[in-house]
Amino acid sequence: MPEHDPEQELGPKISSAFQNKADASELTGSGMAREARRRVRKRRQTLTMAAAAAVVAIAIGGVWNAVGNEVPTASNASDTGAKEAAGSGSAPGRSNPGILPNKEDAPCPPDHPILKAGGHNTVPAGTGLDLATPVTGLQACRYRLTPDATGLLGQQRFNADVAQQVVDAIKVLPERNPSLPVFKCTPQSAQPSEAIVLRFDTADGVREVWVEYDGCDSAGFFTGTHTYGLFAAPLKLFMVDSVRPTGGTFLSALGDW
(Lines give C-alpha, C1' and ligand atoms only; values in the text may rest on other atoms or scores of the structure.)
Protein backbone atom coordinates (compact mmCIF):
# COMPACT_ATOMS: atom_id res chain seq x y z
CA MET A 1 0.00 0.00 0.00
CA PRO A 2 1.59 3.25 -1.05
CA GLU A 3 2.40 5.76 1.59
CA HIS A 4 0.07 8.75 1.76
CA ASP A 5 1.98 11.87 0.82
CA PRO A 6 0.20 15.11 1.73
CA GLU A 7 2.28 17.05 -0.78
CA GLN A 8 0.91 14.92 -3.57
CA GLU A 9 -2.67 15.80 -2.54
CA LEU A 10 -1.76 19.48 -2.21
CA GLY A 11 -0.38 19.71 -5.69
CA PRO A 12 -3.65 19.19 -7.56
CA LYS A 13 -5.44 21.59 -5.23
CA ILE A 14 -2.89 24.30 -5.91
CA SER A 15 -3.09 23.67 -9.61
CA SER A 16 -6.89 23.84 -9.47
CA ALA A 17 -6.75 27.07 -7.52
CA PHE A 18 -4.41 28.66 -10.05
CA GLN A 19 -6.63 27.52 -12.88
CA ASN A 20 -9.76 28.95 -11.21
CA LYS A 21 -8.02 32.28 -10.68
CA ALA A 22 -6.88 32.32 -14.27
CA ASP A 23 -10.40 31.58 -15.44
CA ALA A 24 -11.77 34.30 -13.17
CA SER A 25 -9.20 36.75 -14.52
CA GLU A 26 -10.17 35.85 -18.06
CA LEU A 27 -13.84 36.34 -17.32
CA THR A 28 -13.15 39.62 -15.57
CA GLY A 29 -11.02 40.83 -18.49
CA SER A 30 -13.63 39.90 -21.04
CA GLY A 31 -16.33 41.67 -18.98
CA MET A 32 -14.27 44.87 -18.81
CA ALA A 33 -13.72 44.72 -22.54
CA ARG A 34 -17.42 44.37 -23.18
CA GLU A 35 -18.12 47.29 -20.85
CA ALA A 36 -15.54 49.44 -22.64
CA ARG A 37 -17.03 48.58 -26.02
CA ARG A 38 -20.52 49.40 -24.70
CA ARG A 39 -19.37 52.81 -23.49
CA VAL A 40 -17.69 53.57 -26.82
CA ARG A 41 -20.86 52.66 -28.69
CA LYS A 42 -22.95 54.82 -26.34
CA ARG A 43 -20.56 57.78 -26.76
CA ARG A 44 -20.72 57.43 -30.54
CA GLN A 45 -24.51 57.37 -30.42
CA THR A 46 -24.53 60.50 -28.23
CA LEU A 47 -22.17 62.36 -30.59
CA THR A 48 -24.21 61.30 -33.62
CA MET A 49 -27.44 62.54 -32.06
CA ALA A 50 -25.83 65.86 -31.08
CA ALA A 51 -24.52 66.38 -34.62
CA ALA A 52 -27.94 65.61 -36.08
CA ALA A 53 -29.59 68.10 -33.71
CA ALA A 54 -27.08 70.77 -34.75
CA VAL A 55 -27.81 70.17 -38.44
CA VAL A 56 -31.56 70.49 -37.82
CA ALA A 57 -31.07 73.72 -35.84
CA ILE A 58 -28.97 75.24 -38.62
CA ALA A 59 -31.53 74.27 -41.23
CA ILE A 60 -34.39 75.78 -39.21
CA GLY A 61 -32.38 78.96 -38.64
CA GLY A 62 -31.77 79.31 -42.37
CA VAL A 63 -35.48 79.00 -43.09
CA TRP A 64 -36.39 81.69 -40.56
CA ASN A 65 -33.70 84.00 -41.94
CA ALA A 66 -35.10 83.55 -45.43
CA VAL A 67 -38.61 84.31 -44.17
CA GLY A 68 -37.45 87.31 -42.14
CA ASN A 69 -35.59 88.98 -45.02
CA GLU A 70 -37.72 90.72 -47.65
CA VAL A 71 -37.34 89.10 -51.03
CA PRO A 72 -37.53 91.62 -53.92
CA THR A 73 -40.58 91.06 -56.05
CA ALA A 74 -41.41 92.31 -59.52
CA SER A 75 -43.69 94.90 -57.93
CA ASN A 76 -40.98 96.17 -55.60
CA ALA A 77 -38.47 96.31 -58.42
CA SER A 78 -40.82 98.27 -60.63
CA ASP A 79 -41.62 100.70 -57.81
CA THR A 80 -37.92 101.26 -57.19
CA GLY A 81 -37.27 101.77 -60.90
CA ALA A 82 -40.13 104.24 -61.11
CA LYS A 83 -38.77 106.23 -58.17
CA GLU A 84 -35.31 106.31 -59.69
CA ALA A 85 -36.68 107.33 -63.06
CA ALA A 86 -38.74 110.09 -61.44
CA GLY A 87 -35.63 111.51 -59.80
CA SER A 88 -33.33 111.36 -62.85
CA GLY A 89 -34.69 114.25 -64.91
CA SER A 90 -32.27 116.36 -66.99
CA ALA A 91 -33.23 119.55 -65.18
CA PRO A 92 -34.44 120.47 -61.69
CA GLY A 93 -38.20 120.09 -61.17
CA ARG A 94 -38.90 118.72 -64.68
CA SER A 95 -39.33 115.31 -66.21
CA ASN A 96 -38.46 114.61 -69.85
CA PRO A 97 -41.93 113.57 -71.14
CA GLY A 98 -43.23 117.16 -71.05
CA ILE A 99 -40.38 118.56 -73.14
CA LEU A 100 -40.86 118.63 -76.93
CA PRO A 101 -38.38 119.20 -79.77
CA ASN A 102 -38.15 122.79 -80.94
CA LYS A 103 -39.84 123.46 -84.25
CA GLU A 104 -37.45 124.79 -86.88
CA ASP A 105 -40.30 126.44 -88.73
CA ALA A 106 -41.64 128.16 -85.59
CA PRO A 107 -38.73 129.50 -83.55
CA CYS A 108 -38.99 132.23 -80.96
CA PRO A 109 -39.30 135.63 -82.71
CA PRO A 110 -35.82 137.18 -83.04
CA ASP A 111 -37.25 140.72 -82.96
CA HIS A 112 -39.68 140.31 -80.10
CA PRO A 113 -41.22 143.46 -78.54
CA ILE A 114 -39.56 142.66 -75.20
CA LEU A 115 -36.25 143.64 -76.82
CA LYS A 116 -37.30 147.27 -77.13
CA ALA A 117 -35.70 149.65 -74.65
CA GLY A 118 -37.78 149.98 -71.51
CA GLY A 119 -40.30 147.38 -72.66
CA HIS A 120 -39.26 144.52 -70.43
CA ASN A 121 -42.58 144.38 -68.55
CA THR A 122 -44.93 146.18 -70.91
CA VAL A 123 -46.90 143.46 -72.66
CA PRO A 124 -48.55 144.88 -75.82
CA ALA A 125 -52.35 145.07 -75.68
CA GLY A 126 -54.14 142.03 -77.08
CA THR A 127 -51.10 139.72 -76.83
CA GLY A 128 -51.25 138.78 -73.14
CA LEU A 129 -52.80 135.53 -71.94
CA ASP A 130 -56.01 135.46 -69.98
CA LEU A 131 -55.13 132.76 -67.43
CA ALA A 132 -58.68 131.37 -67.62
CA THR A 133 -58.07 130.40 -71.26
CA PRO A 134 -57.28 126.73 -71.99
CA VAL A 135 -53.81 126.23 -73.45
CA THR A 136 -52.56 123.44 -75.70
CA GLY A 137 -48.81 124.03 -75.75
CA LEU A 138 -45.99 126.28 -74.61
CA GLN A 139 -42.84 127.77 -76.12
CA ALA A 140 -40.47 129.41 -73.63
CA CYS A 141 -38.15 132.05 -75.10
CA ARG A 142 -35.22 133.50 -73.14
CA TYR A 143 -33.92 136.88 -74.35
CA ARG A 144 -30.89 139.01 -73.52
CA LEU A 145 -31.92 142.62 -72.89
CA THR A 146 -28.64 144.47 -72.32
CA PRO A 147 -28.29 147.59 -74.51
CA ASP A 148 -24.99 146.50 -76.02
CA ALA A 149 -26.22 143.02 -76.96
CA THR A 150 -29.78 141.84 -77.37
CA GLY A 151 -31.16 138.64 -78.83
CA LEU A 152 -32.37 135.13 -78.23
CA LEU A 153 -30.49 133.13 -75.59
CA GLY A 154 -32.51 129.92 -75.63
CA GLN A 155 -35.86 128.32 -76.37
CA GLN A 156 -37.80 125.22 -75.39
CA ARG A 157 -41.17 123.72 -76.28
CA PHE A 158 -43.50 121.90 -73.84
CA ASN A 159 -46.61 119.81 -74.29
CA ALA A 160 -50.16 120.74 -73.31
CA ASP A 161 -49.93 119.19 -69.85
CA VAL A 162 -46.90 121.25 -68.83
CA ALA A 163 -48.38 124.37 -70.43
CA GLN A 164 -51.53 124.03 -68.33
CA GLN A 165 -49.50 123.31 -65.21
CA VAL A 166 -47.59 126.56 -65.70
CA VAL A 167 -50.81 128.55 -66.11
CA ASP A 168 -52.37 126.91 -63.06
CA ALA A 169 -49.27 127.62 -60.97
CA ILE A 170 -49.24 131.32 -61.95
CA LYS A 171 -52.91 132.21 -61.59
CA VAL A 172 -53.04 131.38 -57.87
CA LEU A 173 -50.15 133.70 -57.00
CA PRO A 174 -50.55 137.05 -55.24
CA GLU A 175 -49.61 140.27 -56.99
CA ARG A 176 -46.26 140.40 -55.22
CA ASN A 177 -43.96 138.04 -53.35
CA PRO A 178 -43.48 139.74 -49.95
CA SER A 179 -40.32 137.74 -49.24
CA LEU A 180 -38.43 139.40 -52.11
CA PRO A 181 -36.42 142.55 -51.36
CA VAL A 182 -37.38 146.03 -52.55
CA PHE A 183 -34.46 147.90 -54.11
CA LYS A 184 -33.81 151.58 -54.58
CA CYS A 185 -32.12 151.67 -57.93
CA THR A 186 -31.18 154.05 -60.72
CA PRO A 187 -32.84 153.78 -64.15
CA GLN A 188 -29.67 152.19 -65.47
CA SER A 189 -29.66 149.41 -62.88
CA ALA A 190 -33.43 148.91 -63.15
CA GLN A 191 -33.06 147.44 -66.62
CA PRO A 192 -32.86 143.62 -66.41
CA SER A 193 -30.12 141.86 -68.33
CA GLU A 194 -32.51 139.14 -69.50
CA ALA A 195 -36.11 137.93 -69.34
CA ILE A 196 -38.31 135.04 -70.51
CA VAL A 197 -41.40 135.17 -72.72
CA LEU A 198 -43.90 132.31 -72.30
CA ARG A 199 -45.77 131.86 -75.58
CA PHE A 200 -48.90 129.73 -75.07
CA ASP A 201 -50.86 128.04 -77.85
CA THR A 202 -54.59 128.75 -77.57
CA ALA A 203 -57.67 128.47 -79.79
CA ASP A 204 -57.22 132.19 -80.60
CA GLY A 205 -53.54 131.93 -81.45
CA VAL A 206 -50.39 132.60 -79.41
CA ARG A 207 -50.83 134.47 -76.14
CA GLU A 208 -47.96 135.51 -73.90
CA VAL A 209 -46.84 135.90 -70.29
CA TRP A 210 -43.59 137.78 -69.67
CA VAL A 211 -41.34 136.69 -66.80
CA GLU A 212 -38.99 139.18 -65.15
CA TYR A 213 -36.43 138.03 -62.58
CA ASP A 214 -33.42 140.33 -63.03
CA GLY A 215 -32.65 144.02 -62.58
CA CYS A 216 -33.95 145.85 -59.53
CA ASP A 217 -37.19 147.44 -60.71
CA SER A 218 -39.80 144.69 -60.63
CA ALA A 219 -40.14 140.92 -60.70
CA GLY A 220 -42.99 138.60 -61.55
CA PHE A 221 -45.28 137.32 -64.29
CA PHE A 222 -46.87 139.95 -66.55
CA THR A 223 -49.92 139.33 -68.75
CA GLY A 224 -50.61 142.91 -69.83
CA THR A 225 -53.68 143.16 -67.58
CA HIS A 226 -52.39 141.50 -64.40
CA THR A 227 -49.14 141.13 -62.50
CA TYR A 228 -48.34 138.06 -60.41
CA GLY A 229 -45.50 137.81 -57.92
CA LEU A 230 -42.34 135.85 -58.66
CA PHE A 231 -42.40 132.45 -56.96
CA ALA A 232 -40.38 129.30 -57.51
CA ALA A 233 -43.20 126.84 -58.27
CA PRO A 234 -43.97 128.01 -61.83
CA LEU A 235 -40.30 128.64 -62.63
CA LYS A 236 -39.36 125.04 -61.95
CA LEU A 237 -41.77 123.88 -64.66
CA PHE A 238 -40.14 125.68 -67.59
CA MET A 239 -36.66 126.87 -66.53
CA VAL A 240 -34.77 123.98 -68.14
CA ASP A 241 -31.83 123.55 -70.49
CA SER A 242 -31.14 126.71 -72.53
CA VAL A 243 -34.13 128.48 -70.95
CA ARG A 244 -32.66 128.15 -67.45
CA PRO A 245 -30.78 131.33 -66.41
CA THR A 246 -27.45 131.18 -64.67
CA GLY A 247 -28.72 133.70 -62.14
CA GLY A 248 -30.60 136.93 -61.61
CA THR A 249 -31.13 139.60 -58.96
CA PHE A 250 -34.45 138.26 -57.74
CA LEU A 251 -33.59 134.62 -58.42
CA SER A 252 -30.73 134.95 -55.96
CA ALA A 253 -33.12 136.28 -53.35
CA LEU A 254 -35.73 133.66 -54.21
CA GLY A 255 -33.39 130.77 -53.45
CA ASP A 256 -35.02 127.50 -54.49
CA TRP A 257 -35.89 127.85 -58.17
# chains A, B, ... in the order shown; residues from 1 in each chain; ligands from 1
call {"tool": "residues_around", "arguments": {"residues": "range 135-152 of chain A", "least_positions_apart": "6", "cutoff": "9 Å", "atoms": "only C-alpha atoms", "output": "ChimeraX atom specification"}}
result
/A:102,107-112,114-117,120,158-164,167,191-203,238-239,242-245
call {"tool": "atom_distance", "arguments": {"atom1": "CA of Val123 in chain A", "atom2": "CA of Gly224 in chain A"}}
result
4.7 Å
call {"tool": "select_by_dssp", "arguments": {"residues": "range 114-255 of chain A", "states": "strand (DSSP E)", "output": "NGL selection string"}}
result
:A and (137-146 or 149-158 or 194-202 or 205-212 or 220-222 or 227-228)
call {"tool": "write_last_selection", "arguments": {"atoms": "N, CA and C atoms", "output": "CSV table (one decimal), in the first residue's frame"}}
result
chain,number,residue,atom,x,y,z
A,137,GLY,N,-50.3,124.2,-75.6
A,137,GLY,CA,-48.8,124.0,-75.7
A,137,GLY,C,-48.1,125.3,-75.2
A,138,LEU,N,-46.8,125.2,-75.1
A,138,LEU,CA,-46.0,126.3,-74.6
A,138,LEU,C,-44.6,126.3,-75.3
A,139,GLN,N,-44.2,127.5,-75.6
A,139,GLN,CA,-42.8,127.8,-76.1
A,139,GLN,C,-42.2,128.8,-75.2
A,140,ALA,N,-41.2,128.5,-74.5
A,140,ALA,CA,-40.5,129.4,-73.6
A,140,ALA,C,-39.3,130.0,-74.4
A,141,CYS,N,-39.2,131.3,-74.4
A,141,CYS,CA,-38.1,132.1,-75.1
A,141,CYS,C,-37.4,132.9,-74.1
A,142,ARG,N,-36.1,132.7,-74.1
A,142,ARG,CA,-35.2,133.5,-73.1
A,142,ARG,C,-34.4,134.5,-74.0
A,143,TYR,N,-34.5,135.8,-73.6
A,143,TYR,CA,-33.9,136.9,-74.3
A,143,TYR,C,-32.9,137.6,-73.5
A,144,ARG,N,-31.8,138.1,-74.2
A,144,ARG,CA,-30.9,139.0,-73.5
A,144,ARG,C,-31.4,140.4,-73.8
A,145,LEU,N,-31.4,141.3,-72.8
A,145,LEU,CA,-31.9,142.6,-72.9
A,145,LEU,C,-30.9,143.7,-72.7
A,146,THR,N,-29.6,143.4,-72.5
A,146,THR,CA,-28.6,144.5,-72.3
A,146,THR,C,-28.5,145.4,-73.6
A,149,ALA,N,-26.0,144.3,-76.3
A,149,ALA,CA,-26.2,143.0,-77.0
A,149,ALA,C,-27.6,142.5,-76.6
A,150,THR,N,-28.5,142.4,-77.6
A,150,THR,CA,-29.8,141.8,-77.4
A,150,THR,C,-30.0,140.6,-78.3
A,151,GLY,N,-30.9,139.8,-78.0
A,151,GLY,CA,-31.2,138.6,-78.8
A,151,GLY,C,-31.6,137.4,-78.1
A,152,LEU,N,-31.9,136.4,-78.8
A,152,LEU,CA,-32.4,135.1,-78.2
A,152,LEU,C,-31.2,134.3,-77.6
A,153,LEU,N,-31.5,133.9,-76.3
A,153,LEU,CA,-30.5,133.1,-75.6
A,153,LEU,C,-30.8,131.6,-75.6
A,154,GLY,N,-32.1,131.3,-75.7
A,154,GLY,CA,-32.5,129.9,-75.6
A,154,GLY,C,-34.0,129.8,-75.8
A,155,GLN,N,-34.4,128.6,-76.2
A,155,GLN,CA,-35.9,128.3,-76.4
A,155,GLN,C,-36.2,126.9,-76.1
A,156,GLN,N,-37.4,126.6,-75.7
A,156,GLN,CA,-37.8,125.2,-75.4
A,156,GLN,C,-39.3,125.1,-75.5
A,157,ARG,N,-39.7,124.0,-76.1
A,157,ARG,CA,-41.2,123.7,-76.3
A,157,ARG,C,-41.6,122.7,-75.2
A,158,PHE,N,-42.9,122.8,-74.8
A,158,PHE,CA,-43.5,121.9,-73.8
A,158,PHE,C,-44.9,121.5,-74.3
A,194,GLU,N,-31.8,140.2,-68.7
A,194,GLU,CA,-32.5,139.1,-69.5
A,194,GLU,C,-33.9,138.9,-68.9
A,195,ALA,N,-34.7,138.3,-69.7
A,195,ALA,CA,-36.1,137.9,-69.3
A,195,ALA,C,-36.6,136.8,-70.2
A,196,ILE,N,-37.7,136.2,-69.8
A,196,ILE,CA,-38.3,135.0,-70.5
A,196,ILE,C,-39.7,135.4,-71.0
A,197,VAL,N,-40.0,135.0,-72.2
A,197,VAL,CA,-41.4,135.2,-72.7
A,197,VAL,C,-42.0,133.8,-72.8
A,198,LEU,N,-43.2,133.6,-72.2
A,198,LEU,CA,-43.9,132.3,-72.3
A,198,LEU,C,-45.0,132.5,-73.4
A,199,ARG,N,-44.8,131.8,-74.5
A,199,ARG,CA,-45.8,131.9,-75.6
A,199,ARG,C,-46.7,130.6,-75.6
A,200,PHE,N,-47.9,130.8,-75.2
A,200,PHE,CA,-48.9,129.7,-75.1
A,200,PHE,C,-49.7,129.6,-76.3
A,201,ASP,N,-50.0,128.3,-76.7
A,201,ASP,CA,-50.9,128.0,-77.8
A,201,ASP,C,-52.3,128.0,-77.3
A,202,THR,N,-53.2,128.8,-77.9
A,202,THR,CA,-54.6,128.7,-77.6
A,202,THR,C,-55.4,128.7,-78.8
A,205,GLY,N,-54.9,131.6,-81.0
A,205,GLY,CA,-53.5,131.9,-81.4
A,205,GLY,C,-52.6,132.0,-80.2
A,206,VAL,N,-51.4,132.5,-80.5
A,206,VAL,CA,-50.4,132.6,-79.4
A,206,VAL,C,-50.7,133.8,-78.5
A,207,ARG,N,-50.7,133.5,-77.2
A,207,ARG,CA,-50.8,134.5,-76.1
A,207,ARG,C,-49.7,134.3,-75.2
A,208,GLU,N,-49.2,135.5,-74.6
A,208,GLU,CA,-48.0,135.5,-73.9
A,208,GLU,C,-48.1,135.9,-72.4
A,209,VAL,N,-47.1,135.4,-71.7
A,209,VAL,CA,-46.8,135.9,-70.3
A,209,VAL,C,-45.3,136.2,-70.2
A,210,TRP,N,-45.0,137.4,-69.8
A,210,TRP,CA,-43.6,137.8,-69.7
A,210,TRP,C,-43.1,137.5,-68.2
A,211,VAL,N,-41.9,137.0,-68.1
A,211,VAL,CA,-41.3,136.7,-66.8
A,211,VAL,C,-40.1,137.5,-66.6
A,212,GLU,N,-40.1,138.3,-65.5
A,212,GLU,CA,-39.0,139.2,-65.2
A,212,GLU,C,-38.4,138.7,-63.8
A,220,GLY,N,-41.7,139.3,-61.5
A,220,GLY,CA,-43.0,138.6,-61.5
A,220,GLY,C,-43.4,138.1,-62.9
A,221,PHE,N,-44.7,137.8,-63.0
A,221,PHE,CA,-45.3,137.3,-64.3
A,221,PHE,C,-46.3,138.4,-64.8
A,222,PHE,N,-46.1,138.8,-66.0
A,222,PHE,CA,-46.9,140.0,-66.6
A,222,PHE,C,-47.7,139.5,-67.7
A,227,THR,N,-50.5,141.4,-62.9
A,227,THR,CA,-49.1,141.1,-62.5
A,227,THR,C,-49.2,140.1,-61.4
A,228,TYR,N,-48.4,139.1,-61.4
A,228,TYR,CA,-48.3,138.1,-60.4
A,228,TYR,C,-46.9,138.0,-59.9
call {"tool": "atom_distance", "arguments": {"atom1": "CA of Pro134 in chain A", "atom2": "CA of Leu100 in chain A"}}
result
19.0 Å
call {"tool": "select_by_dssp", "arguments": {"residues": "range 178-214 of chain A", "states": "alpha helix (DSSP H)", "output": "PyMOL selection string"}}
result
chain A and resi 187-190
call {"tool": "atom_distance", "arguments": {"atom1": "CA of Cys216 in chain A", "atom2": "CA of Ala253 in chain A"}}
result
11.4 Å
call {"tool": "closest_residue", "arguments": {"among": "A:Leu251, A:Ile170, A:Cys185, A:Leu230", "to": "Leu129 in chain A", "atoms": "only C-alpha atoms"}}
result
A:Ile170
call {"tool": "residues_around", "arguments": {"residues": "Asp217 in chain A", "least_positions_apart": "2", "cutoff": "9 Å", "atoms": "only C-alpha atoms", "output": "ChimeraX atom specification"}}
result
/A:182-187,189-192,214-215,219
call {"tool": "write_last_selection", "arguments": {"atoms": "N, CA, C and O atoms", "output": "PDB file, in the first residue's frame"}}
result
ATOM      1  N   VAL A 182     -37.019 144.855 -51.760  1.00  0.00           N
ATOM      2  CA  VAL A 182     -37.379 146.033 -52.546  1.00  0.00           C
ATOM      3  C   VAL A 182     -36.129 146.891 -52.655  1.00  0.00           C
ATOM      4  O   VAL A 182     -35.547 147.301 -51.641  1.00  0.00           O
ATOM      5  N   PHE A 183     -35.710 147.164 -53.887  1.00  0.00           N
ATOM      6  CA  PHE A 183     -34.464 147.895 -54.106  1.00  0.00           C
ATOM      7  C   PHE A 183     -34.757 149.352 -54.471  1.00  0.00           C
ATOM      8  O   PHE A 183     -35.768 149.665 -55.102  1.00  0.00           O
ATOM      9  N   LYS A 184     -33.837 150.217 -54.083  1.00  0.00           N
ATOM     10  CA  LYS A 184     -33.812 151.579 -54.578  1.00  0.00           C
ATOM     11  C   LYS A 184     -32.712 151.626 -55.630  1.00  0.00           C
ATOM     12  O   LYS A 184     -31.535 151.495 -55.321  1.00  0.00           O
ATOM     13  N   CYS A 185     -33.105 151.786 -56.874  1.00  0.00           N
ATOM     14  CA  CYS A 185     -32.116 151.674 -57.926  1.00  0.00           C
ATOM     15  C   CYS A 185     -32.255 152.797 -58.938  1.00  0.00           C
ATOM     16  O   CYS A 185     -33.315 153.417 -59.074  1.00  0.00           O
ATOM     17  N   THR A 186     -31.196 153.041 -59.665  1.00  0.00           N
ATOM     18  CA  THR A 186     -31.179 154.050 -60.717  1.00  0.00           C
ATOM     19  C   THR A 186     -31.843 153.476 -61.969  1.00  0.00           C
ATOM     20  O   THR A 186     -31.986 152.255 -62.103  1.00  0.00           O
ATOM     21  N   PRO A 187     -32.253 154.294 -62.905  1.00  0.00           N
ATOM     22  CA  PRO A 187     -32.845 153.781 -64.152  1.00  0.00           C
ATOM     23  C   PRO A 187     -31.921 152.825 -64.907  1.00  0.00           C
ATOM     24  O   PRO A 187     -32.388 151.882 -65.542  1.00  0.00           O
ATOM     25  N   SER A 189     -29.688 150.716 -63.534  1.00  0.00           N
ATOM     26  CA  SER A 189     -29.659 149.405 -62.883  1.00  0.00           C
ATOM     27  C   SER A 189     -31.022 148.730 -62.865  1.00  0.00           C
ATOM     28  O   SER A 189     -31.116 147.536 -62.608  1.00  0.00           O
ATOM     29  N   ALA A 190     -32.087 149.501 -63.140  1.00  0.00           N
ATOM     30  CA  ALA A 190     -33.429 148.912 -63.149  1.00  0.00           C
ATOM     31  C   ALA A 190     -33.623 147.982 -64.338  1.00  0.00           C
ATOM     32  O   ALA A 190     -34.401 147.031 -64.276  1.00  0.00           O
ATOM     33  N   GLN A 191     -32.912 148.258 -65.419  1.00  0.00           N
ATOM     34  CA  GLN A 191     -33.064 147.441 -66.619  1.00  0.00           C
ATOM     35  C   GLN A 191     -32.531 146.028 -66.395  1.00  0.00           C
ATOM     36  O   GLN A 191     -31.375 145.843 -66.026  1.00  0.00           O
ATOM     37  N   PRO A 192     -33.358 144.993 -66.572  1.00  0.00           N
ATOM     38  CA  PRO A 192     -32.858 143.622 -66.415  1.00  0.00           C
ATOM     39  C   PRO A 192     -31.931 143.238 -67.563  1.00  0.00           C
ATOM     40  O   PRO A 192     -32.040 143.763 -68.679  1.00  0.00           O
ATOM     41  N   ASP A 214     -34.725 139.672 -63.160  1.00  0.00           N
ATOM     42  CA  ASP A 214     -33.423 140.334 -63.029  1.00  0.00           C
ATOM     43  C   ASP A 214     -33.635 141.843 -62.940  1.00  0.00           C
ATOM     44  O   ASP A 214     -34.760 142.331 -63.036  1.00  0.00           O
ATOM     45  N   GLY A 215     -32.536 142.579 -62.776  1.00  0.00           N
ATOM     46  CA  GLY A 215     -32.649 144.019 -62.584  1.00  0.00           C
ATOM     47  C   GLY A 215     -33.040 144.321 -61.148  1.00  0.00           C
ATOM     48  O   GLY A 215     -32.912 143.484 -60.251  1.00  0.00           O
ATOM     49  N   ALA A 219     -40.314 142.349 -60.422  1.00  0.00           N
ATOM     50  CA  ALA A 219     -40.140 140.919 -60.700  1.00  0.00           C
ATOM     51  C   ALA A 219     -41.505 140.253 -60.657  1.00  0.00           C
ATOM     52  O   ALA A 219     -42.359 140.611 -59.850  1.00  0.00           O
TER      53      ALA A 219
END
